[in-house]
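So this one's query.txt, compact mmCIF, C-alpha atoms:
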```
# COMPACT_ATOMS: atom_id res chain seq x y z
CA GLY A 262 -89.50 -0.59 92.29
CA ARG A 263 -88.20 2.57 93.91
CA SER A 264 -90.10 5.52 95.31
CA TRP A 265 -88.95 9.13 95.54
CA MET A 266 -90.46 11.93 97.57
CA ALA A 267 -90.74 15.35 95.91
CA PRO A 268 -91.60 18.06 98.45
CA ALA A 269 -92.12 20.50 95.57
CA ALA A 270 -92.89 19.73 91.93
CA ASN A 271 -93.98 21.54 88.79
CA MET A 272 -94.79 19.42 85.71
CA ILE A 273 -96.25 20.35 82.33
CA PHE A 274 -97.61 17.70 79.94
CA SER A 275 -98.29 18.35 76.26
CA LYS A 276 -99.51 16.05 73.48
CA ASP A 277 -99.79 16.36 69.72
CA ALA A 278 -99.72 14.14 66.63
CA TYR A 279 -95.99 13.57 67.03
CA GLY A 280 -96.07 12.30 70.61
CA VAL A 281 -95.98 13.38 74.25
CA ARG A 282 -93.68 15.84 76.01
CA VAL A 283 -93.11 16.39 79.73
CA ASP A 284 -91.26 19.33 81.31
CA ALA A 285 -90.55 19.09 85.02
CA SER A 286 -88.94 21.00 87.88
CA LEU A 287 -88.60 19.01 91.11
CA ASP A 288 -87.17 19.19 94.61
CA VAL A 289 -86.25 15.58 95.41
CA ASP A 290 -85.74 14.12 98.89
CA LEU A 291 -82.41 12.26 98.81
CA GLY A 292 -82.55 10.86 102.30
CA GLY A 293 -81.79 13.74 104.60
CA THR A 294 -81.05 16.34 101.96
CA THR A 295 -83.06 17.88 99.15
CA GLY A 296 -81.75 18.28 95.61
CA HIS A 297 -83.27 20.31 92.80
CA VAL A 298 -83.51 18.86 89.29
CA ASP A 299 -85.01 20.08 86.02
CA GLY A 300 -85.88 17.71 83.24
CA GLU A 301 -87.68 17.09 80.00
CA ALA A 302 -88.79 13.94 78.21
CA GLU A 303 -90.30 13.18 74.81
CA TYR A 304 -92.16 10.14 73.53
CA ARG A 305 -92.20 9.80 69.73
CA ALA A 306 -95.38 8.21 68.36
CA ALA A 307 -93.74 7.36 65.00
CA ASP A 308 -91.22 4.84 66.33
CA HIS A 309 -92.35 4.53 69.97
CA THR A 310 -88.94 5.61 71.28
CA SER A 311 -88.21 8.22 73.93
CA LYS A 312 -85.50 10.56 75.06
CA ALA A 313 -85.01 12.28 78.39
CA VAL A 314 -82.57 14.70 79.98
CA VAL A 315 -82.12 15.79 83.59
CA TRP A 316 -80.17 18.86 84.73
CA PHE A 317 -79.02 19.37 88.32
CA ALA A 318 -76.82 21.71 90.34
CA ASP A 319 -74.71 21.14 93.45
CA LEU A 320 -76.04 17.63 94.08
CA SER A 321 -74.19 15.16 96.30
CA PRO A 322 -73.19 12.21 94.07
CA ALA A 323 -72.71 10.02 97.15
CA ARG A 324 -76.37 10.55 98.12
CA VAL A 325 -77.63 9.66 94.65
CA ALA A 326 -75.25 6.73 94.15
CA ALA A 327 -76.31 5.18 97.45
CA GLU A 328 -79.73 4.55 95.87
CA PHE A 329 -78.46 2.73 92.75
CA ASP A 330 -76.09 -0.25 92.65
CA MET A 331 -74.69 0.71 89.23
CA LEU A 332 -73.58 4.10 90.63
CA LYS A 333 -71.89 2.73 93.75
CA PRO A 334 -68.38 3.91 92.69
CA LEU A 335 -69.61 7.52 92.92
CA THR A 336 -70.11 7.14 96.67
CA ALA A 337 -66.38 7.87 96.96
CA LEU A 338 -66.83 11.41 95.61
CA GLU A 339 -67.52 13.95 98.34
CA ALA A 340 -68.00 17.13 96.30
CA PRO A 341 -71.01 19.04 94.92
CA VAL A 342 -71.69 18.18 91.27
CA THR A 343 -73.46 20.17 88.55
CA GLY A 344 -74.38 18.87 85.09
CA TYR A 345 -76.81 16.76 83.14
CA VAL A 346 -77.59 13.18 82.14
CA ALA A 347 -79.39 12.42 78.87
CA ALA A 348 -80.71 9.06 77.71
CA THR A 349 -82.51 7.44 74.78
CA LEU A 350 -85.04 4.65 75.39
CA ASP A 351 -86.49 1.90 73.21
CA PRO A 352 -90.25 1.11 72.89
CA ALA A 353 -90.04 -0.96 76.11
CA PHE A 354 -88.54 2.11 77.87
CA ALA A 355 -85.17 0.38 78.33
CA VAL A 356 -82.15 2.69 78.10
CA THR A 357 -80.21 2.22 74.86
CA GLY A 358 -77.64 5.01 75.22
CA GLY A 359 -76.98 8.52 76.33
CA GLU A 360 -74.48 11.10 77.45
CA VAL A 361 -73.23 12.62 80.69
CA GLU A 362 -71.57 15.95 81.43
CA LEU A 363 -70.56 16.71 85.02
CA THR A 364 -68.53 19.37 86.84
CA ALA A 365 -67.42 18.85 90.44
CA LYS A 366 -66.42 21.62 92.81
CA GLU A 367 -63.87 21.42 95.62
CA GLY A 368 -64.11 18.32 97.79
CA ARG A 369 -62.33 15.00 98.12
CA ILE A 370 -62.35 11.40 96.96
CA VAL A 371 -62.62 8.79 99.72
CA ASP A 372 -61.33 5.36 98.67
CA PRO A 373 -59.00 3.81 101.28
CA ALA A 374 -57.79 1.15 98.85
CA LEU A 375 -56.35 3.81 96.53
CA TRP A 376 -55.84 6.83 98.82
CA PRO A 377 -55.66 5.83 102.51
CA LYS A 378 -55.91 9.47 103.66
CA GLY A 379 -58.38 10.58 101.00
CA LEU A 380 -57.60 12.62 97.89
CA PRO A 381 -58.16 16.41 98.01
CA LEU A 382 -59.96 17.62 94.88
CA LYS A 383 -60.02 21.24 93.71
CA SER A 384 -62.23 20.64 90.68
CA ALA A 385 -63.11 18.02 88.07
CA ARG A 386 -64.97 17.75 84.77
CA LEU A 387 -66.36 14.73 82.89
CA LYS A 388 -67.87 14.35 79.41
CA SER A 389 -68.92 10.85 78.38
CA THR A 390 -71.31 8.91 76.17
CA PHE A 391 -72.62 5.39 76.75
CA THR A 392 -74.45 2.60 74.93
CA ARG A 393 -76.21 -0.58 76.01
CA GLY A 394 -75.99 -3.97 74.29
CA PRO A 395 -73.05 -4.16 74.49
CA ASP A 396 -72.54 -2.00 77.56
CA ARG A 397 -69.81 0.46 76.67
CA PHE A 398 -68.85 4.04 77.48
CA VAL A 399 -66.52 6.56 75.89
CA ILE A 400 -64.86 9.25 78.01
CA SER A 401 -64.00 12.14 75.74
CA GLU A 402 -62.89 14.37 78.60
CA LEU A 403 -62.02 13.73 82.23
CA LYS A 404 -59.97 16.46 83.88
CA ALA A 405 -59.10 16.91 87.54
CA ASP A 406 -57.16 19.47 89.53
CA VAL A 407 -55.71 17.54 92.46
CA ASP A 408 -53.54 19.69 94.70
CA ALA A 409 -50.24 20.08 92.80
CA VAL A 410 -51.25 17.86 89.86
CA MET A 411 -53.43 18.50 86.80
CA VAL A 412 -54.49 15.23 85.19
CA SER A 413 -56.69 14.34 82.21
CA PHE A 414 -57.94 11.04 80.80
CA SER A 415 -59.67 9.96 77.62
CA GLY A 416 -60.60 6.40 76.78
CA THR A 417 -63.24 3.69 76.74
CA GLY A 418 -64.81 1.17 79.08
CA THR A 419 -66.50 -2.13 78.26
CA ARG A 420 -68.65 -4.29 80.52
CA LEU A 421 -67.24 -7.77 81.17
CA ALA A 422 -68.71 -10.69 83.08
CA ASP A 423 -66.88 -9.76 86.30
CA GLY A 424 -66.28 -6.03 85.96
CA VAL A 425 -65.34 -3.27 83.56
CA ALA A 426 -62.29 -3.11 81.29
CA ILE A 427 -60.98 0.46 80.94
CA GLY A 428 -58.31 1.63 78.53
CA GLY A 429 -57.07 5.01 77.46
CA GLU A 430 -54.52 7.81 77.66
CA VAL A 431 -53.49 9.86 80.67
CA ASP A 432 -51.80 13.27 80.53
CA ALA A 433 -50.55 15.02 83.65
CA ALA A 434 -48.50 17.99 84.82
CA SER A 435 -47.25 18.85 88.29
CA ASN A 436 -45.54 21.93 89.66
CA SER A 437 -44.12 19.97 92.63
CA ILE A 438 -43.09 16.35 93.12
CA ASP A 439 -43.34 16.75 96.90
CA GLY A 440 -46.64 15.36 98.14
CA TRP A 441 -47.04 12.74 95.42
CA GLU A 442 -47.24 9.99 98.02
CA GLY A 443 -50.74 11.14 98.92
CA ILE A 444 -51.81 11.68 95.31
CA TRP A 445 -50.46 8.70 93.33
CA PRO A 446 -53.01 5.86 93.92
CA LEU A 447 -51.86 2.63 95.52
CA GLY A 448 -51.74 -0.30 93.12
CA LEU A 449 -51.17 1.85 90.03
CA ALA A 450 -47.66 1.23 88.62
CA ASP A 451 -46.39 0.41 92.11
CA GLY A 452 -42.81 -0.09 90.90
CA ALA A 453 -42.52 3.40 89.46
CA ARG A 454 -44.54 4.87 92.34
CA SER A 455 -42.38 3.45 95.12
CA TRP A 456 -39.09 4.43 93.42
CA ILE A 457 -40.14 8.01 92.66
CA ILE A 458 -41.55 8.61 96.14
CA ALA A 459 -38.44 7.18 97.80
CA ASN A 460 -35.80 8.73 95.56
CA MET A 461 -37.08 11.96 93.99
CA GLU A 462 -37.95 15.25 95.66
CA HIS A 463 -38.53 18.90 94.83
CA GLY A 464 -38.72 20.05 91.22
CA ALA A 465 -41.57 19.71 88.77
CA VAL A 466 -42.95 17.39 86.11
CA PRO A 467 -44.28 19.79 83.46
CA GLU A 468 -45.50 16.96 81.25
CA ALA A 469 -46.25 13.25 81.49
CA HIS A 470 -48.14 10.87 79.22
CA ALA A 471 -49.17 7.24 79.66
CA ASN A 472 -51.27 4.55 78.03
CA VAL A 473 -53.10 2.45 80.60
CA ALA A 474 -55.36 -0.60 80.74
CA LEU A 475 -57.31 -1.31 83.93
CA HIS A 476 -59.82 -3.83 85.23
CA LEU A 477 -62.42 -2.51 87.66
CA PRO A 478 -64.01 -5.53 89.40
CA ASP A 479 -67.68 -5.65 90.34
CA ASP A 480 -66.78 -6.89 93.82
CA PRO A 481 -65.80 -3.83 95.90
CA ALA A 482 -63.62 -6.09 98.06
CA GLU A 483 -61.36 -6.77 95.08
CA PRO A 484 -58.70 -4.17 94.22
CA LEU A 485 -58.41 -2.24 90.98
CA LYS A 486 -56.14 -4.26 88.68
CA LEU A 487 -53.59 -2.60 86.42
CA GLU A 488 -53.34 -4.70 83.27
CA SER A 489 -50.66 -2.56 81.60
CA VAL A 490 -49.09 0.90 81.72
CA ALA A 491 -46.32 2.59 79.73
CA GLY A 492 -45.43 6.22 79.59
CA THR A 493 -42.99 9.08 79.26
CA PHE A 494 -42.35 12.19 81.36
CA ARG A 495 -40.13 15.26 81.70
CA VAL A 496 -38.63 16.55 84.96
CA GLU A 497 -37.13 19.92 85.85
CA ASP A 498 -34.93 21.02 88.78
CA THR A 499 -35.49 17.86 90.79
CA THR A 500 -33.28 16.03 93.28
CA VAL A 501 -32.65 12.35 92.53
CA HIS A 502 -31.06 9.77 94.88
CA TYR A 503 -29.68 7.20 92.44
CA LEU A 504 -27.39 5.30 94.83
CA ARG A 505 -27.84 5.97 98.53
CA PRO A 506 -25.80 6.83 100.59
CA LEU A 507 -23.91 8.60 97.80
CA PRO A 508 -24.74 12.30 97.35
CA PRO A 509 -27.87 12.91 95.26
CA VAL A 510 -28.03 14.52 91.85
CA THR A 511 -29.54 17.98 92.24
CA LYS A 512 -31.10 20.45 89.82
CA ALA A 513 -31.68 17.49 87.50
CA SER A 514 -33.67 18.01 84.32
CA GLY A 515 -34.36 15.46 81.64
CA ARG A 516 -36.75 12.90 80.23
CA GLY A 517 -37.78 9.47 81.37
CA THR A 518 -39.86 6.41 80.60
CA PHE A 519 -41.72 4.01 82.87
CA ASP A 520 -43.92 0.95 82.97
CA ALA A 521 -45.46 -1.04 85.80
CA ASP A 522 -42.10 -2.28 87.08
CA ARG A 523 -39.33 -0.03 85.80
CA ILE A 524 -38.44 3.65 85.52
CA THR A 525 -35.58 5.18 83.50
CA ILE A 526 -34.43 8.82 83.65
CA ARG A 527 -32.00 10.38 81.16
CA SER A 528 -30.57 13.54 82.71
CA GLU A 529 -29.84 16.45 80.40
CA GLU A 530 -28.71 18.86 83.16
CA ARG A 531 -27.58 17.97 86.68
CA ARG A 532 -25.33 18.65 89.63
CA VAL A 533 -23.93 16.20 92.19
CA GLY A 534 -24.25 17.03 95.89
```

Can you present the structure in this file as structure tokens?
Amino acid sequence: GRSWMAPAANMIFSKDAYGVRVDASLDVDLGGTTGHVDGEAEYRAADHTSKAVVWFADLSPARVAAEFDMLKPLTALEAPVTGYVAATLDPAFAVTGGEVELTAKEGRIVDPALWPKGLPLKSARLKSTFTRGPDRFVISELKADVDAVMVSFSGTGTRLADGVAIGGEVDAASNSIDGWEGIWPLGLADGARSWIIANMEHGAVPEAHANVALHLPDDPAEPLKLESVAGTFRVEDTTVHYLRPLPPVTKASGRGTFDADRITIRSEERRVG
């Protein structure tokens, strides 16, 4: 079991022929900091099922995640989060499904395996639903503003014996290629990452799209595994070093493709030197 301290609480219980309802407003002690949550829950007498929803504002996800093993990945997020979590429960009060909607303010993501210096975050938004038996989630919207890059993801995740399989589509846009070394996560399409960082500078990538498949292991000591990635992108006014020490191509614009090991750029406009 787990105990929570609530320095301040206001709860209203009501009962009728259809079931029981609880409305609550709580200040919860999260181990050194206090977070405010509002919630409501209903128990239906007809089928003995329940539903509950909790709203919160400016909570620290790292504080909450530290209390629950299943939320451990959220300990990497150092940013205040506002939103809600809703769940449905069976007659034994086991969670059968639900939905999550979160908005994060400015902060950073701390995961040395992916971003050794941390990842600055201006804002982020998540909308997702989940089910149990089998354990599966659907991300309908995940958007993040990370310095010079806007990125979005939609896809699904399925619980496996040793982790979670995640697959979906990524769309991104960047007004500056400079600084990508600190933004592009280590281990994600390392071939394309290393070539772009070493050989491209300045300019912008107004659009990029990729299909990805990832494996997120349960063991935090194991790295995120990229199963597959393939995508396309467009560049504008960038400098490309194709064959050092020959002069670079400047003011290059065009389209390209990439996968985990290879990147190809077809220039439509360019200058040499």

Exercise. Can you work out which one of A:Thr392, A:Ser455, A:Pro373, A:Pro467 has the shortest atom-to-atom distance to Ala409 (chain A), counting only C-alpha atoms?
Key: A:Pro467

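Among the candidate residues A:Ser389, A:Ser286, A:Thr493, A:Asn460, the one lying nearest to Val431 (chain A) is A:Thr493, with distances computed using only C-alpha atoms.
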
Determine, counting only C-alpha atoms, which protein, DNA and RNA residues have an atom within 10 Å of an atom of Met411 (chain A); residues of the same chain fewer than 6 positions away are not included. Present the result as a PDB file with C-alpha atoms, keeping the file's coordinate frame.
```pdb
ATOM      1  CA  LYS A 383     -60.020  21.240  93.710  1.00  0.00           C
ATOM      2  CA  SER A 384     -62.230  20.640  90.680  1.00  0.00           C
ATOM      3  CA  ALA A 385     -63.110  18.020  88.070  1.00  0.00           C
ATOM      4  CA  LYS A 404     -59.970  16.460  83.880  1.00  0.00           C
ATOM      5  CA  ALA A 405     -59.100  16.910  87.540  1.00  0.00           C
ATOM      6  CA  ASP A 432     -51.800  13.270  80.530  1.00  0.00           C
ATOM      7  CA  ALA A 433     -50.550  15.020  83.650  1.00  0.00           C
ATOM      8  CA  ALA A 434     -48.500  17.990  84.820  1.00  0.00           C
ATOM      9  CA  SER A 435     -47.250  18.850  88.290  1.00  0.00           C
ATOM     10  CA  ASN A 436     -45.540  21.930  89.660  1.00  0.00           C
ATOM     11  CA  PRO A 467     -44.280  19.790  83.460  1.00  0.00           C
ATOM     12  CA  GLU A 468     -45.500  16.960  81.250  1.00  0.00           C
TER      13      GLU A 468
END
```

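Pairwise distance (CA of Ser321 (chain A), CA of Thr364 (chain A)) equals 11.8 Å.
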
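Between CA of Val289 (chain A) and CA of Val315 (chain A) the interatomic distance comes to 12.5 Å.
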
Quiz item: Which of these residues is nearest to Glu367 (chain A), using all atoms listed in the file: A:Val281, A:Ser489, A:Asp319, A:Tyr503?
Solution: A:Asp319

Quiz prompt | Interatomic distance (Å, one decimal) between CA of Ala374 (chain A) and CA of Asn472 (chain A) | solution = 22.1 Å

Could you list, as a PDB file with C-alpha atoms, keeping the file's coordinate frame, every residue within 6 Å of Val283 (chain A), counting only C-alpha atoms and ignoring same-chain residues fewer than 2 positions away?
```pdb
ATOM      1  CA  ILE A 273     -96.250  20.350  82.330  1.00  0.00           C
ATOM      2  CA  PHE A 274     -97.610  17.700  79.940  1.00  0.00           C
ATOM      3  CA  GLU A 301     -87.680  17.090  80.000  1.00  0.00           C
ATOM      4  CA  ALA A 302     -88.790  13.940  78.210  1.00  0.00           C
TER       5      ALA A 302
END
```

Restrict the calculation to only C-alpha atoms, then for each residue of region 422-466 of chain A with any atom at most 9 Å from an atom of region 511-527 of chain A give the closest atom pair and their distance in Å to one decimal, rows by chain and rising residue number, as a tab-separated table.
```
residue	atom	partner	partner_atom	distance
A:Leu449	CA	A:Ala521	CA	7.7
A:Ala450	CA	A:Ala521	CA	4.2
A:Asp451	CA	A:Ala521	CA	6.5
A:Gly452	CA	A:Asp522	CA	4.5
A:Ala453	CA	A:Ile524	CA	5.7
A:Arg454	CA	A:Ala521	CA	8.9
A:Trp456	CA	A:Ile524	CA	8.0
A:Ile457	CA	A:Ile524	CA	8.5
A:Gly464	CA	A:Lys512	CA	7.8
```

Using the file's own x, y and z axes, what box holds all listed atoms of region 451-457 of chain A with 5 Å on each side, keeping edges along x, y and z, and what are its centre and edge lengths in Å to one decimal, as AutoDock Vina command-line options?
```
--center_x -42.7 --center_y 4.0 --center_z 92.3 --size_x 17.3 --size_y 18.1 --size_z 15.7
```

Determine, counting only C-alpha atoms, every residue of protein, DNA or RNA that lies within 12 Å of (-65.1, -4.2, 94.0) in the file coordinates, then give the result as a PDB file with C-alpha atoms, in the frame of the given file.
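Everything below was put into result_11.pdb:
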```
ATOM      1  CA  ASP A 330     -76.090  -0.250  92.650  1.00  0.00           C
ATOM      2  CA  MET A 331     -74.690   0.710  89.230  1.00  0.00           C
ATOM      3  CA  LYS A 333     -71.890   2.730  93.750  1.00  0.00           C
ATOM      4  CA  PRO A 334     -68.380   3.910  92.690  1.00  0.00           C
ATOM      5  CA  ASP A 372     -61.330   5.360  98.670  1.00  0.00           C
ATOM      6  CA  ALA A 374     -57.790   1.150  98.850  1.00  0.00           C
ATOM      7  CA  ASP A 423     -66.880  -9.760  86.300  1.00  0.00           C
ATOM      8  CA  GLY A 424     -66.280  -6.030  85.960  1.00  0.00           C
ATOM      9  CA  VAL A 425     -65.340  -3.270  83.560  1.00  0.00           C
ATOM     10  CA  HIS A 476     -59.820  -3.830  85.230  1.00  0.00           C
ATOM     11  CA  LEU A 477     -62.420  -2.510  87.660  1.00  0.00           C
ATOM     12  CA  PRO A 478     -64.010  -5.530  89.400  1.00  0.00           C
ATOM     13  CA  ASP A 479     -67.680  -5.650  90.340  1.00  0.00           C
ATOM     14  CA  ASP A 480     -66.780  -6.890  93.820  1.00  0.00           C
ATOM     15  CA  PRO A 481     -65.800  -3.830  95.900  1.00  0.00           C
ATOM     16  CA  ALA A 482     -63.620  -6.090  98.060  1.00  0.00           C
ATOM     17  CA  GLU A 483     -61.360  -6.770  95.080  1.00  0.00           C
ATOM     18  CA  PRO A 484     -58.700  -4.170  94.220  1.00  0.00           C
ATOM     19  CA  LEU A 485     -58.410  -2.240  90.980  1.00  0.00           C
ATOM     20  CA  LYS A 486     -56.140  -4.260  88.680  1.00  0.00           C
TER      21      LYS A 486
END
```

Practice problem: Excluding Arg505 (chain A) and any residue of its chain fewer than 5 positions from it, enumerate the residues within 12 Å of it, using only C-alpha atoms, and give them as a PyMOL selection string. | Solution: chain A and resi 459-461+510+534

Quiz item: Taking all atoms listed in the file into account, which of A:Val412, A:Leu363, A:Val496, A:Leu287 comes nearest Ser528 (chain A)?
Solution: A:Val496

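Residue nearest Gly443 (chain A) within the list A:Ala422, A:Ala278, A:Val407, A:Ala465: A:Val407 [criterion: smallest interatomic distance, all atoms listed in the file].
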
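Considering the residues A:Thr419, A:Thr295, A:Ser437, A:Thr310 and counting only C-alpha atoms, Gly394 (chain A) has its shortest atom-to-atom contact with A:Thr419.
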
Self-check item: Residue neighbourhood Ile370 (chain A), 10 Å, only C-alpha atoms, exclusion window fewer than 4 positions, as a ChimeraX atom specification
Solution: /A:335-340,375-376,378-382
